[in-house]
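S.K.: Next comes coords.pdb, PDB, C-alpha atoms:
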ATOM      1  CA  MET A   1     145.254 -48.457  47.828
ATOM      2  CA  ASP A   2     146.730 -46.549  44.912
ATOM      3  CA  LEU A   3     143.926 -45.888  42.417
ATOM      4  CA  SER A   4     145.951 -43.964  39.881
ATOM      5  CA  PRO A   5     146.388 -45.597  36.472
ATOM      6  CA  ALA A   6     150.132 -44.972  36.733
ATOM      7  CA  SER A   7     150.773 -47.459  39.521
ATOM      8  CA  ARG A   8     154.061 -49.280  40.038
ATOM      9  CA  GLU A   9     153.141 -52.209  37.738
ATOM     10  CA  PRO A  10     153.183 -50.314  34.415
ATOM     11  CA  MET A  11     156.458 -48.615  35.396
ATOM     12  CA  ARG A  12     158.472 -51.821  35.016
ATOM     13  CA  PRO A  13     160.842 -52.042  32.079
ATOM     14  CA  PRO A  14     159.454 -54.103  29.206
ATOM     15  CA  ALA A  15     160.134 -57.806  29.227
ATOM     16  CA  PRO A  16     162.764 -59.086  26.806
ATOM     17  CA  ALA A  17     161.517 -60.812  23.672
ATOM     18  CA  LYS A  18     163.297 -64.019  24.743
ATOM     19  CA  LEU A  19     161.168 -64.148  27.893
ATOM     20  CA  LEU A  20     157.945 -63.611  25.939
ATOM     21  CA  LEU A  21     158.737 -66.202  23.277
ATOM     22  CA  GLY A  22     160.121 -68.670  25.816
ATOM     23  CA  SER A  23     157.011 -68.461  27.970
ATOM     24  CA  PHE A  24     154.752 -68.891  24.926
ATOM     25  CA  ALA A  25     156.781 -71.939  23.878
ATOM     26  CA  ALA A  26     156.555 -73.394  27.398
ATOM     27  CA  GLY A  27     152.781 -72.842  27.475
ATOM     28  CA  LEU A  28     152.398 -74.464  24.065
ATOM     29  CA  LEU A  29     154.511 -77.458  25.068
ATOM     30  CA  LEU A  30     152.503 -77.940  28.272
ATOM     31  CA  ASN A  31     149.295 -77.842  26.229
ATOM     32  CA  LEU A  32     150.673 -80.437  23.824
ATOM     33  CA  LEU A  33     151.584 -82.999  26.475
ATOM     34  CA  PRO A  34     149.671 -86.276  25.963
ATOM     35  CA  TRP A  35     146.782 -85.673  28.369
ATOM     36  CA  SER A  36     144.019 -88.291  28.440
ATOM     37  CA  GLY A  37     140.856 -89.213  30.302
ATOM     38  CA  TRP A  38     139.600 -86.918  33.031
ATOM     39  CA  ALA A  39     142.943 -85.061  33.111
ATOM     40  CA  LEU A  40     142.218 -83.858  29.575
ATOM     41  CA  LEU A  41     138.993 -82.238  30.769
ATOM     42  CA  VAL A  42     140.458 -80.527  33.835
ATOM     43  CA  LYS A  43     143.762 -79.512  32.192
ATOM     44  CA  PRO A  44     144.113 -75.731  32.196
ATOM     45  CA  ASP A  45     144.931 -73.964  28.958
ATOM     46  CA  PHE A  46     148.528 -73.111  29.839
ATOM     47  CA  LEU A  47     149.104 -71.087  26.689
ATOM     48  CA  LEU A  48     146.022 -68.956  27.326
ATOM     49  CA  VAL A  49     147.076 -68.219  30.915
ATOM     50  CA  VAL A  50     150.531 -67.141  29.703
ATOM     51  CA  LEU A  51     148.949 -65.100  26.916
ATOM     52  CA  LEU A  52     146.636 -63.321  29.371
ATOM     53  CA  TYR A  53     149.560 -62.576  31.682
ATOM     54  CA  TRP A  54     151.541 -60.919  28.911
ATOM     55  CA  ALA A  55     148.471 -59.168  27.485
ATOM     56  CA  MET A  56     148.026 -57.577  30.877
ATOM     57  CA  HIS A  57     151.664 -56.735  31.619
ATOM     58  CA  GLU A  58     152.968 -56.093  28.098
ATOM     59  CA  SER A  59     149.913 -54.598  26.412
ATOM     60  CA  ARG A  60     152.020 -52.692  23.869
ATOM     61  CA  ASN A  61     153.654 -55.864  22.572
ATOM     62  CA  VAL A  62     151.105 -58.624  23.184
ATOM     63  CA  GLY A  63     147.503 -58.192  22.138
ATOM     64  CA  GLN A  64     144.773 -59.614  19.993
ATOM     65  CA  GLY A  65     147.104 -60.298  17.064
ATOM     66  CA  TRP A  66     149.219 -62.611  19.198
ATOM     67  CA  ALA A  67     146.023 -64.169  20.555
ATOM     68  CA  PHE A  68     144.750 -64.907  17.065
ATOM     69  CA  VAL A  69     148.040 -66.395  15.839
ATOM     70  CA  LEU A  70     148.576 -68.515  18.965
ATOM     71  CA  GLY A  71     144.936 -69.606  18.797
ATOM     72  CA  LEU A  72     145.420 -70.800  15.227
ATOM     73  CA  VAL A  73     148.545 -72.665  16.304
ATOM     74  CA  MET A  74     146.522 -74.407  19.029
ATOM     75  CA  ASP A  75     143.728 -75.171  16.542
ATOM     76  CA  VAL A  76     146.170 -76.924  14.239
ATOM     77  CA  ALA A  77     147.935 -78.669  17.122
ATOM     78  CA  ASP A  78     144.667 -79.965  18.631
ATOM     79  CA  SER A  79     143.095 -80.746  15.227
ATOM     80  CA  VAL A  80     139.903 -78.914  16.136
ATOM     81  CA  LEU A  81     137.609 -76.554  14.276
ATOM     82  CA  LEU A  82     139.896 -73.952  12.666
ATOM     83  CA  GLY A  83     139.414 -70.678  14.511
ATOM     84  CA  GLN A  84     137.943 -72.190  17.679
ATOM     85  CA  HIS A  85     140.889 -71.427  19.950
ATOM     86  CA  ALA A  86     141.612 -68.254  17.995
ATOM     87  CA  LEU A  87     138.162 -66.849  18.755
ATOM     88  CA  ALA A  88     138.345 -67.870  22.414
ATOM     89  CA  TYR A  89     141.858 -66.414  22.816
ATOM     90  CA  VAL A  90     140.934 -63.112  21.141
ATOM     91  CA  ALA A  91     137.823 -62.783  23.342
ATOM     92  CA  ALA A  92     139.862 -63.547  26.472
ATOM     93  CA  VAL A  93     142.596 -61.056  25.576
ATOM     94  CA  TYR A  94     139.967 -58.418  24.796
ATOM     95  CA  LEU A  95     138.377 -58.912  28.215
ATOM     96  CA  THR A  96     141.792 -58.776  29.869
ATOM     97  CA  GLN A  97     142.620 -55.527  28.096
ATOM     98  CA  LEU A  98     139.229 -54.176  29.090
ATOM     99  CA  VAL A  99     139.876 -54.645  32.822
ATOM    100  CA  ARG A 100     143.655 -54.239  32.680
ATOM    101  CA  LEU A 101     143.920 -51.048  34.743
ATOM    102  CA  ARG A 102     141.556 -52.448  37.355
ATOM    103  CA  LEU A 103     143.629 -55.622  37.617
ATOM    104  CA  PHE A 104     146.768 -53.633  38.391
ATOM    105  CA  GLN A 105     145.080 -52.255  41.505
ATOM    106  CA  LEU A 106     144.319 -55.717  42.885
ATOM    107  CA  SER A 107     146.451 -58.250  44.703
ATOM    108  CA  VAL A 108     147.702 -61.277  42.784
ATOM    109  CA  LEU A 109     145.035 -63.519  44.342
ATOM    110  CA  GLU A 110     142.278 -61.078  43.388
ATOM    111  CA  GLN A 111     143.733 -60.922  39.872
ATOM    112  CA  ALA A 112     143.541 -64.721  39.756
ATOM    113  CA  LEU A 113     139.806 -64.556  40.484
ATOM    114  CA  HIS A 114     139.269 -62.131  37.613
ATOM    115  CA  ILE A 115     141.400 -64.249  35.306
ATOM    116  CA  GLY A 116     139.336 -67.276  36.351
ATOM    117  CA  GLY A 117     136.220 -65.483  35.130
ATOM    118  CA  ILE A 118     137.894 -64.654  31.835
ATOM    119  CA  LEU A 119     139.006 -68.281  31.455
ATOM    120  CA  ILE A 120     135.404 -69.395  32.048
ATOM    121  CA  VAL A 121     134.282 -67.125  29.204
ATOM    122  CA  ALA A 122     136.982 -68.583  26.913
ATOM    123  CA  GLN A 123     135.931 -72.100  27.887
ATOM    124  CA  ALA A 124     132.282 -71.227  27.207
ATOM    125  CA  VAL A 125     133.222 -69.981  23.719
ATOM    126  CA  ASN A 126     134.961 -73.293  22.993
ATOM    127  CA  VAL A 127     132.036 -75.363  24.314
ATOM    128  CA  LEU A 128     129.430 -73.325  22.427
ATOM    129  CA  LEU A 129     131.384 -73.620  19.173
ATOM    130  CA  ASN A 130     131.662 -77.384  19.641
ATOM    131  CA  LEU A 131     127.949 -77.686  20.407
ATOM    132  CA  SER A 132     127.082 -75.600  17.347
ATOM    133  CA  VAL A 133     128.837 -78.082  15.044
ATOM    134  CA  GLY A 134     127.039 -81.058  16.596
ATOM    135  CA  ARG A 135     129.519 -82.386  19.139
ATOM    136  CA  GLU A 136     128.357 -83.728  22.484
ATOM    137  CA  PHE A 137     128.548 -81.743  25.697
ATOM    138  CA  PRO A 138     131.787 -82.812  27.421
ATOM    139  CA  GLY A 139     130.342 -82.647  30.929
ATOM    140  CA  PHE A 140     130.478 -80.333  33.881
ATOM    141  CA  LEU A 141     133.934 -81.555  34.881
ATOM    142  CA  LEU A 142     135.078 -79.062  32.242
ATOM    143  CA  VAL A 143     134.395 -76.249  34.736
ATOM    144  CA  LEU A 144     137.484 -77.292  36.707
ATOM    145  CA  SER A 145     139.803 -76.304  33.866
ATOM    146  CA  PRO A 146     139.372 -72.520  34.389
ATOM    147  CA  VAL A 147     139.685 -73.024  38.151
ATOM    148  CA  PHE A 148     143.068 -74.724  37.715
ATOM    149  CA  GLY A 149     144.042 -72.065  35.167
ATOM    150  CA  ALA A 150     143.293 -69.324  37.688
ATOM    151  CA  ALA A 151     145.364 -71.226  40.265
ATOM    152  CA  LEU A 152     148.326 -70.948  37.871
ATOM    153  CA  TRP A 153     148.190 -67.136  37.944
ATOM    154  CA  PRO A 154     150.110 -66.522  41.233
ATOM    155  CA  PRO A 155     153.018 -68.881  40.401
ATOM    156  CA  LEU A 156     153.234 -67.435  36.884
ATOM    157  CA  HIS A 157     153.289 -63.912  38.307
ATOM    158  CA  PHE A 158     155.998 -64.853  40.817
ATOM    159  CA  ILE A 159     158.181 -66.428  38.121
ATOM    160  CA  ALA A 160     157.730 -63.656  35.557
ATOM    161  CA  ILE A 161     158.613 -60.782  37.908
ATOM    162  CA  GLN A 162     161.995 -62.221  38.856
ATOM    163  CA  PRO A 163     164.622 -59.550  38.132
ATOM    164  CA  ARG A 164     167.055 -61.988  36.487
ATOM    165  CA  LEU A 165     164.428 -62.847  33.880
ATOM    166  CA  ARG A 166     163.754 -59.208  33.111
ATOM    167  CA  GLN A 167     167.390 -58.212  32.621
ATOM    168  CA  ARG A 168     168.248 -57.175  29.137
ATOM    169  CA  ASP A 169     171.560 -58.005  27.552
ATOM    170  CA  ALA A 170     174.083 -55.226  26.988
ATOM    171  CA  VAL A 171     173.512 -55.248  23.217
ATOM    172  CA  THR A 172     169.801 -54.459  23.658
ATOM    173  CA  LEU A 173     170.517 -51.646  26.116
ATOM    174  CA  MET A 174     172.914 -49.890  23.742
ATOM    175  CA  ARG A 175     170.335 -49.575  20.954
TER     176      ARG A 175
END
Transcribe the structure of this file into structure tokens.
M.R.:
Amino acid sequence: MDLSPASREPMRPPAPAKLLLGSFAAGLLLNLLPWSGWALLVKPDFLLVVLLYWAMHESRNVGQGWAFVLGLVMDVADSVLLGQHALAYVAAVYLTQLVRLRLFQLSVLEQALHIGGILIVAQAVNVLLNLSVGREFPGFLLVLSPVFGAALWPPLHFIAIQPRLRQRDAVTLMR
């Protein structure tokens, strides 16, 4: 096991802006699908999983500022307490940045377990904020949402590391 901070993961070329924005748009669109009933409770936060992936792999470009802005977008889209998702997203990105170097030393499945813990913290922030404003507890079925979010980590990692997605166009390379 390579324990040096300069492992092979950080040595990848940066992802193109189109890939970042496209993945954020895809995560937002998946979040905005018309979920209802029990599926609404167990639905993972697709945008947060994508945000955590890029906060880990593109820490120079994606951080707490992106988390705050995307959280506000989700607050407006879900018509919830303004700042609820923003606070949860910023806390989750902070925790991801805190353990970022450790995560690079782990396999993708072990990373998914850590991300699952971070998603549980983000879910707890959302639940506690809702309880503090007088809403009812949504039930323990809500615990499945971070589990499904963690299960999304390996496929997301596999898709995002594809070389054809990371290729930059000739115009970008000449700058």
S.K.: A:Gln123: which residues within 9 Å, counting all atoms listed in the file, same-chain residues fewer than 6 positions away excluded, as a PyMOL selection string?
M.R.: chain A and resi 88+142-143+145-146
S.K.: Hey, can you check how far atom CA of A:Trp66 sits from atom CA of A:Pro16?
M.R.: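 That distance, rounded to one decimal, is 15.9 Å.
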S.K.: Spell out the residues picked by the PyMOL selection byres ((chain A and resi 114) around 12) here, as a PyMOL selection string.
M.R.: chain A and resi 49+52-53+56+92+95-96+98-100+102-104+106-113+115-121+146-147+149-151+153
S.K.: Please list as number ranges by chain every residue within 9 Å of A:Gly63, counting all atoms listed in the file and excluding residues in the same chain fewer than 5 positions away.
M.R.: A: 51-52, 54-56, 58, 68, 90, 93-94, 97
S.K.: Please, what distance in Å, to one decimal, runs between atom CA of A:Ala160 and atom CA of A:Arg60?
M.R.: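 Calculated distance between atom CA of A:Ala160 and atom CA of A:Arg60 is 17.0 Å.
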S.K.: Any chance you could work out the residue set of the PyMOL selection byres ((chain A and resi 19) around 12) here, as a list in words?
M.R.: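 That selection, the PyMOL selection byres ((chain A and resi 19) around 12), comes back as Pro14, Ala15, Pro16, Ala17, Lys18, Leu20, Leu21, Gly22, Ser23, Phe24, Ala25, Ala26, Val50, Trp54, Glu58, Ile159, Ala160, Ile161, Gln162, Pro163, Arg164, Leu165, Arg166, Gln167 and Arg168 of chain A.
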S.K.: Compare A:Leu33, A:Leu144, A:Val125, A:Val42 by their minimum atom-to-atom distance to A:Gly83, counting all atoms listed in the file, and give me the closest one.
M.R.: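 That would be A:Val125, the residue with the smallest distance to A:Gly83.
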S.K.: Given the file above and the PyMOL selection byres ((chain A and resi 69) around 12), which residues are selected, and can you give them as a PyMOL selection string?
M.R.: chain A and resi 24+47-48+51+62-68+70-76+82-90
S.K.: Write out as a PyMOL selection string the residues lying within 8 Å of A:Leu32, counting all atoms listed in the file and excluding same-chain residues fewer than 3 positions away.
M.R.: chain A and resi 28-29+35+77-78
S.K.: Go ahead and write the residues just picked, C-alpha atoms, as a short mmCIF file (atom, residue, chain, number, x, y, z; two decimals), in the coordinates of the input.
M.R.:
data_model
loop_
_atom_site.label_atom_id
_atom_site.label_comp_id
_atom_site.auth_asym_id
_atom_site.auth_seq_id
_atom_site.Cartn_x
_atom_site.Cartn_y
_atom_site.Cartn_z
CA LEU A 28 152.40 -74.46 24.06
CA LEU A 29 154.51 -77.46 25.07
CA TRP A 35 146.78 -85.67 28.37
CA ALA A 77 147.94 -78.67 17.12
CA ASP A 78 144.67 -79.96 18.63
#
S.K.: Given the choices A:Leu101, A:Leu131, A:Ala39, A:Pro44, which gets closest to A:Gly27 if the distance is worked out from only C-alpha atoms?
M.R.: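 Of A:Leu101, A:Leu131, A:Ala39, A:Pro44, the one nearest A:Gly27 is A:Pro44, counting only C-alpha atoms.
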S.K.: Hey, can you check how far atom CA of A:Ala124 sits from atom CA of A:Phe137?
M.R.: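 Separation of atom CA of A:Ala124 and atom CA of A:Phe137: 11.3 Å.
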S.K.: Adding 4 Å on each side of the box along x, y and z that holds all listed atoms of stretch 68-85 of chain A, could you give its centre and edge lengths in Å to one decimal, as AutoDock Vina command-line options?
M.R.:
--center_x 143.1 --center_y -72.8 --center_z 16.3 --size_x 19.0 --size_y 23.8 --size_z 15.3
